[in-house]
$ cat my_file-v9.txt   # compact mmCIF, C-alpha atoms
# COMPACT_ATOMS: atom_id res chain seq x y z
CA MET I 787 28.17 25.29 2.59
CA ASN I 788 26.65 28.73 3.08
CA ILE I 789 22.84 28.85 3.42
CA ILE I 790 21.03 32.20 3.24
CA LYS I 791 17.46 32.00 4.55
CA LEU I 792 14.90 34.63 3.52
CA ASN I 793 11.29 35.15 4.55
CA ALA I 794 10.43 36.43 1.08
CA THR I 795 12.08 37.46 -2.18
CA ASP I 796 10.94 37.96 -5.76
CA SER I 797 13.02 35.00 -7.00
CA THR I 798 15.83 33.08 -5.32
CA ASN I 799 17.58 32.79 -8.70
CA SER I 800 17.45 36.57 -9.15
CA TYR I 801 18.63 37.14 -5.57
CA LEU I 802 21.59 34.81 -6.04
CA ARG I 803 22.48 36.35 -9.40
CA SER I 804 22.59 39.84 -7.87
CA LEU I 805 24.73 38.48 -5.04
CA ILE I 806 27.41 37.01 -7.31
CA ILE I 807 27.66 40.32 -9.16
CA LYS I 808 28.51 42.11 -5.90
CA GLU I 809 30.88 39.62 -4.31
CA LYS I 810 32.70 36.31 -4.66
CA ILE I 811 30.70 33.57 -3.02
CA GLU I 812 31.62 30.02 -2.09
CA ASP I 813 30.67 26.93 -4.04
CA PHE I 814 27.24 25.49 -3.17
CA THR I 815 26.01 28.75 -1.63
CA ILE I 816 22.24 28.37 -1.23
CA VAL I 817 19.43 30.93 -1.02
CA VAL I 818 16.20 29.50 0.37
CA ALA I 819 12.97 31.47 0.75
CA LYS I 820 9.70 30.82 2.57
CA GLU I 821 7.95 32.79 -0.17
CA GLN I 822 8.81 33.76 -3.75
CA THR I 823 6.69 36.61 -5.10
CA LYS I 824 7.87 36.08 -8.68
CA GLY I 825 9.10 32.48 -8.77
CA ARG I 826 10.06 31.42 -12.28
CA GLY I 827 9.91 28.14 -14.18
CA GLN I 828 11.01 26.92 -17.60
CA MET I 829 10.31 29.15 -20.61
CA GLY I 830 8.93 32.06 -18.58
CA THR I 831 6.31 30.10 -16.64
CA VAL I 832 5.43 31.06 -13.06
CA TRP I 833 6.20 28.77 -10.13
CA ASP I 834 3.29 29.20 -7.70
CA SER I 835 3.83 27.93 -4.16
CA GLU I 836 2.10 28.34 -0.79
CA THR I 837 4.22 30.20 1.76
CA SER I 838 6.34 28.03 4.11
CA LYS I 839 4.86 24.76 2.84
CA ASN I 840 7.30 23.97 0.05
CA LEU I 841 11.01 24.05 -0.64
CA THR I 842 12.04 26.91 -2.93
CA PHE I 843 15.76 27.57 -3.22
CA SER I 844 18.62 28.35 -5.55
CA MET I 845 22.12 26.91 -5.49
CA PHE I 846 25.36 28.42 -6.81
CA LYS I 847 27.78 26.01 -8.50
CA ASP I 848 31.24 27.24 -9.43
CA LEU I 849 32.37 25.91 -12.82
CA SER I 850 35.35 28.22 -13.36
CA ILE I 851 37.86 25.37 -13.02
CA HIS I 852 35.81 22.46 -14.31
CA ILE I 853 34.80 22.93 -17.96
CA VAL I 854 31.38 21.55 -18.90
CA GLU I 855 31.40 21.33 -22.70
CA PHE I 856 27.71 20.41 -22.97
CA PRO I 857 25.56 22.36 -20.46
CA PHE I 858 22.68 19.86 -20.56
CA TYR I 859 24.78 17.47 -18.49
CA ILE I 860 24.29 19.92 -15.60
CA SER I 861 20.53 19.56 -16.01
CA MET I 862 20.80 15.75 -16.15
CA ALA I 863 22.97 15.62 -13.02
CA ILE I 864 20.66 17.89 -11.00
CA SER I 865 17.58 15.93 -12.09
CA LEU I 866 19.20 12.69 -10.94
CA ALA I 867 20.33 14.23 -7.64
CA ILE I 868 16.77 15.28 -6.81
CA LEU I 869 15.41 11.92 -7.94
CA LYS I 870 17.85 10.09 -5.65
CA ALA I 871 17.08 12.42 -2.74
CA LEU I 872 13.33 11.86 -3.08
CA LYS I 873 13.85 8.11 -3.38
CA SER I 874 15.56 8.25 0.02
CA PHE I 875 12.21 9.47 1.41
CA ASN I 876 10.47 6.47 -0.23
CA ILE I 877 8.53 8.60 -2.71
CA PRO I 878 7.14 6.04 -5.22
CA ASP I 879 7.12 5.90 -9.03
CA LEU I 880 9.67 8.66 -9.64
CA TYR I 881 10.51 9.78 -13.17
CA ILE I 882 12.21 12.64 -14.98
CA LYS I 883 9.94 14.33 -17.51
CA TRP I 884 12.18 15.84 -20.17
CA PRO I 885 13.97 18.11 -19.74
CA ASN I 886 13.99 18.22 -15.93
CA ASP I 887 10.62 18.03 -14.21
CA ILE I 888 10.40 15.39 -11.48
CA LEU I 889 7.21 13.34 -11.41
CA SER I 890 5.70 10.80 -9.06
CA ALA I 891 3.61 8.59 -11.33
CA ASP I 892 2.23 11.29 -13.64
CA LYS I 893 2.12 14.18 -11.14
CA LYS I 894 4.71 16.96 -11.08
CA ILE I 895 6.35 17.40 -7.68
CA CYS I 896 9.49 19.33 -8.61
CA GLY I 897 10.63 21.87 -11.18
CA ILE I 898 14.15 23.05 -12.00
CA LEU I 899 15.38 26.28 -13.61
CA ILE I 900 19.07 26.42 -14.54
CA GLU I 901 20.68 29.72 -15.52
CA ASN I 902 24.31 29.56 -16.61
CA VAL I 903 26.69 32.46 -16.06
CA ILE I 904 28.92 32.75 -19.13
CA LYS I 905 32.27 34.57 -19.35
CA ASN I 906 33.86 33.23 -22.56
CA LYS I 907 32.83 29.82 -21.20
CA ILE I 908 30.33 28.68 -18.56
CA ASP I 909 31.83 30.24 -15.45
CA SER I 910 29.15 29.17 -13.00
CA THR I 911 25.54 28.11 -12.83
CA ILE I 912 22.55 29.06 -10.72
CA ILE I 913 20.21 26.15 -10.10
CA GLY I 914 16.68 27.07 -9.02
CA ILE I 915 14.68 24.23 -7.48
CA GLY I 916 11.07 24.12 -6.35
CA VAL I 917 9.81 21.01 -4.58
CA ASN I 918 6.16 20.61 -3.58
CA VAL I 919 6.59 19.25 -0.08
CA ASN I 920 3.74 19.93 2.36
CA GLN I 921 1.22 21.80 0.22
CA THR I 922 -1.95 19.77 -0.31
CA ASN I 923 -4.17 22.04 -2.41
CA PHE I 924 -3.49 22.10 -6.15
CA ILE I 925 -6.94 23.05 -7.51
CA GLN I 926 -5.50 25.24 -10.28
CA LEU I 927 -2.76 22.72 -11.09
CA PRO I 928 -4.35 19.33 -11.87
CA LYS I 929 -1.02 17.79 -12.92
CA ALA I 930 0.76 18.78 -9.69
CA SER I 931 1.10 16.99 -6.37
CA SER I 932 3.35 17.03 -3.31
CA LEU I 933 5.33 14.67 -1.14
CA LYS I 934 2.68 14.97 1.59
CA ASN I 935 -0.18 14.28 -0.81
CA ILE I 936 1.58 11.16 -2.05
CA THR I 937 2.69 9.64 1.25
CA GLY I 938 0.59 11.36 3.93
CA VAL I 939 3.79 12.34 5.76
CA HIS I 940 4.60 15.91 6.87
CA TYR I 941 8.24 16.61 5.95
CA ASN I 942 10.95 18.79 7.46
CA LEU I 943 11.99 21.24 4.73
CA ASP I 944 15.58 21.49 5.97
CA GLU I 945 15.97 17.72 5.81
CA VAL I 946 14.70 17.63 2.22
CA LEU I 947 17.09 20.46 1.32
CA ASN I 948 20.09 18.75 2.92
CA ARG I 949 19.47 15.47 1.09
CA ILE I 950 19.14 17.23 -2.27
CA VAL I 951 22.39 19.14 -1.70
CA SER I 952 24.17 15.96 -0.58
CA HIS I 953 23.18 14.09 -3.76
CA THR I 954 23.97 17.14 -5.90
CA LYS I 955 27.55 17.01 -4.65
CA VAL I 956 27.76 13.32 -5.63
CA TYR I 957 26.59 13.96 -9.19
CA SER I 958 28.75 17.08 -9.48
CA SER I 959 31.75 14.89 -8.67
CA LEU I 960 30.75 12.48 -11.46
CA LEU I 961 30.81 15.34 -13.98
CA GLU I 962 34.11 16.61 -12.63
CA ASP I 963 35.53 13.11 -13.10
CA GLY I 964 34.35 13.11 -16.71
CA LYS I 965 31.77 10.35 -16.23
CA TYR I 966 29.35 11.93 -18.69
CA GLU I 967 28.06 8.73 -20.25
CA GLU I 968 27.30 7.29 -16.81
CA VAL I 969 25.18 10.35 -16.00
CA LYS I 970 23.47 10.31 -19.40
CA SER I 971 22.65 6.59 -19.23
CA GLU I 972 21.12 6.92 -15.77
CA TYR I 973 19.14 10.00 -16.84
CA GLU I 974 17.73 8.18 -19.88
CA ALA I 975 16.86 5.13 -17.78
CA ASN I 976 14.64 7.33 -15.59
CA LEU I 977 12.90 9.26 -18.39
CA PHE I 978 9.12 9.44 -18.16
CA ARG I 979 7.36 7.48 -20.94
CA LYS I 980 10.63 6.14 -22.39
CA ASN I 981 9.98 3.37 -24.94
CA LYS I 982 6.22 3.70 -24.42
CA PRO I 983 3.77 4.82 -27.13
CA SER I 984 3.16 8.50 -26.47
CA THR I 985 1.41 11.49 -28.02
CA PHE I 986 3.26 14.72 -28.75
CA LYS I 987 2.34 18.18 -30.02
CA ASP I 988 4.67 20.18 -32.27
CA VAL I 989 5.01 23.98 -32.56
CA ASP I 990 2.20 24.11 -35.11
CA GLY I 991 -0.19 22.33 -32.76
CA VAL I 992 -0.08 19.11 -34.79
CA LEU I 993 -0.42 15.91 -32.75
CA PHE I 994 1.73 12.90 -33.57
CA SER I 995 2.67 9.57 -32.02
CA GLY I 996 6.10 8.22 -31.19
CA PHE I 997 8.41 6.62 -28.65
CA ILE I 998 10.94 8.51 -26.51
CA LYS I 999 14.32 6.96 -27.25
CA GLY I 1000 16.64 9.21 -25.24
CA VAL I 1001 18.40 12.57 -25.43
CA THR I 1002 21.40 13.99 -27.26
CA LYS I 1003 24.35 15.54 -25.44
CA TYR I 1004 22.86 18.91 -26.39
CA GLY I 1005 19.62 18.05 -24.56
CA LYS I 1006 17.41 17.42 -27.57
CA LEU I 1007 14.71 14.80 -27.15
CA MET I 1008 15.04 11.84 -29.52
CA ILE I 1009 11.68 10.43 -30.64
CA THR I 1010 11.21 7.36 -32.81
CA LEU I 1011 8.36 8.03 -35.22
CA GLU I 1012 6.00 5.51 -36.84
CA ASP I 1013 8.27 5.02 -39.85
CA GLU I 1014 11.21 4.14 -37.51
CA ILE I 1015 12.88 7.49 -38.21
CA VAL I 1016 14.45 9.08 -35.13
CA LYS I 1017 13.82 12.82 -34.98
CA LYS I 1018 15.46 15.25 -32.52
CA TYR I 1019 13.45 18.04 -30.91
CA ASP I 1020 14.53 21.09 -28.94
CA LEU I 1021 12.65 22.29 -25.85
CA LYS I 1022 10.44 24.77 -27.72
CA GLU I 1023 9.72 22.39 -30.59
CA VAL I 1024 7.68 19.62 -28.94
CA GLU I 1025 5.42 18.94 -25.98
CA LEU I 1026 4.71 15.55 -24.46
CA LEU I 1027 0.98 15.16 -23.79
CA TYR I 1028 0.02 12.90 -20.88
$ encode --input "my_file-v9.txt" --output "structure tokens"
Amino acid sequence: MNIIKLNATDSTNSYLRSLIIKEKIEDFTIVVAKEQTKGRGQMGTVWDSETSKNLTFSMFKDLSIHIVEFPFYISMAISLAILKALKSFNIPDLYIKWPNDILSADKKICGILIENVIKNKIDSTIIGIGVNVNQTNFIQLPKASSLKNITGVHYNLDEVLNRIVSHTKVYSSLLEDGKYEEVKSEYEANLFRKNKPSTFKDVDGVLFSGFIKGVTKYGKLMITLEDEIVKKYDLKEVELLY
């Protein structure tokens, strides 16, 4: 495993992407930065993090031999790997908020940005991960928290990184062995608000009630509506309000 440590970069995902254009790099190459000046989240959002207090890194996963027919399984596997790693630190009440935010109770402590590299098929993937570890001030982010805020413990960033990578290798092996349903079932079992009455907002700003049932192999969220009809929503089509 090759780990590249940077004091600062615009985005570890962007850095890793430029690296794989220039040269062939080994599987599970990691770029970790103390500071990201332009850290990115899902759908163009900004990942804001205090310098040296959190874990911000990107991981290269070679998929040139192993074919992943449905890319969302990568997202499910990574979400579960981080969940398992954080459980090993006794972080309580962990859930996956669809599609791949990690929560403790109802506070976001980790975000994931996956960018696939496609050459006829998915050739490789760049997995960007931001974990709120030792930062304690989230005045502008009322729904965010950190491992330290939750437990009172100051964590070693390298140790958190190593445990996430270790569990990522386990779940990568499950996908390589074709155990897709096992991954999907475990992912659904850990979904935030699953089978609980919840409020959602659609693209038109209309609020509606329903129950999260699970996800499709394409990553769409399945919601049971009041009339018992199950409707499937893509990432840009619905927002869970909590």
$ residues_around --input "my_file-v9.txt" --residues "region 1011-1024 of chain I" --least-positions-apart "3" --cutoff "12 Å" --atoms "only C-alpha atoms" --output "JSON, numbers by chain"
{"I": [828, 829, 830, 858, 883, 884, 885, 886, 981, 982, 983, 984, 985, 986, 987, 988, 989, 990, 991, 992, 993, 994, 995, 996, 997, 998, 999, 1000, 1001, 1002, 1003, 1004, 1005, 1006, 1007, 1008, 1027]}
$ residues_near_point --input "my_file-v9.txt" --point "(24.8, 25.8, -3.4)" --cutoff "7 Å" --atoms "all atoms listed in the file" --output "list of chain:residue names"
I:Met787, I:Asp813, I:Phe814, I:Thr815, I:Ile816, I:Met845, I:Phe846, I:Lys847
$ atom_distance --input "my_file-v9.txt" --atom1 "CA of Ile898 (chain I)" --atom2 "CA of Val818 (chain I)"
14.1 Å
$ residues_around --input "my_file-v9.txt" --residues "region 925-940 of chain I" --least-positions-apart "3" --cutoff "8 Å" --atoms "all atoms listed in the file" --output "PyMOL selection string"
chain I and resi 877+892-895+917-922
$ write_last_selection --input "my_file-v9.txt" --atoms "C-alpha atoms" --output "mmCIF file, in the coordinates of the input"
data_model
loop_
_atom_site.group_PDB
_atom_site.id
_atom_site.type_symbol
_atom_site.label_atom_id
_atom_site.label_comp_id
_atom_site.auth_asym_id
_atom_site.auth_seq_id
_atom_site.Cartn_x
_atom_site.Cartn_y
_atom_site.Cartn_z
ATOM 1 C CA ILE I 877 8.530 8.600 -2.710
ATOM 2 C CA ASP I 892 2.230 11.290 -13.640
ATOM 3 C CA LYS I 893 2.120 14.180 -11.140
ATOM 4 C CA LYS I 894 4.710 16.960 -11.080
ATOM 5 C CA ILE I 895 6.350 17.400 -7.680
ATOM 6 C CA VAL I 917 9.810 21.010 -4.580
ATOM 7 C CA ASN I 918 6.160 20.610 -3.580
ATOM 8 C CA VAL I 919 6.590 19.250 -0.080
ATOM 9 C CA ASN I 920 3.740 19.930 2.360
ATOM 10 C CA GLN I 921 1.220 21.800 0.220
ATOM 11 C CA THR I 922 -1.950 19.770 -0.310
#
$ residues_around --input "my_file-v9.txt" --residues "Ala891 (chain I)" --least-positions-apart "4" --cutoff "8 Å" --atoms "all atoms listed in the file" --output "compact mmCIF listing (two decimals) with C-alpha atoms, keeping the file's coordinate frame"
# COMPACT_ATOMS: atom_id res chain seq x y z
CA PRO I 878 7.14 6.04 -5.22
CA ASP I 879 7.12 5.90 -9.03
CA LEU I 880 9.67 8.66 -9.64
CA TYR I 881 10.51 9.78 -13.17
$ atom_distance --input "my_file-v9.txt" --atom1 "CA of Asn942 (chain I)" --atom2 "CA of Phe875 (chain I)"
11.2 Å
$ residues_near_point --input "my_file-v9.txt" --point "(26.3, 35.4, -15.7)" --cutoff "12 Å" --atoms "only C-alpha atoms" --output "ChimeraX atom specification"
/I:799-800,802-807,846-850,900-912
$ atom_distance --input "my_file-v9.txt" --atom1 "CA of Leu960 (chain I)" --atom2 "CA of Glu812 (chain I)"
19.9 Å
$ closest_residue --input "my_file-v9.txt" --among "I:Lys791, I:Ser844, I:Ser838, I:His852" --to "Asp963 (chain I)" --atoms "all atoms listed in the file"
I:His852
$ closest_residue --input "my_file-v9.txt" --among "I:Ile790, I:Glu821, I:Tyr973, I:Phe843" --to "Gly916 (chain I)" --atoms "all atoms listed in the file"
I:Phe843
$ closest_residue --input "my_file-v9.txt" --among "I:Gln822, I:Ser958, I:Asn923, I:Asn976" --to "Ser890 (chain I)" --atoms "only C-alpha atoms"
I:Asn976
$ closest_residue --input "my_file-v9.txt" --among "I:Ala819, I:Val969, I:Leu977, I:Ile868" --to "Lys839 (chain I)" --atoms "only C-alpha atoms"
I:Ala819
$ residues_around --input "my_file-v9.txt" --residues "Lys820 (chain I)" --least-positions-apart "4" --cutoff "6 Å" --atoms "only C-alpha atoms" --output "ChimeraX atom specification"
/I:793-794,837-838
$ closest_residue --input "my_file-v9.txt" --among "I:Ile913, I:Leu792, I:Leu841, I:Val946" --to "Leu869 (chain I)" --atoms "only C-alpha atoms"
I:Val946
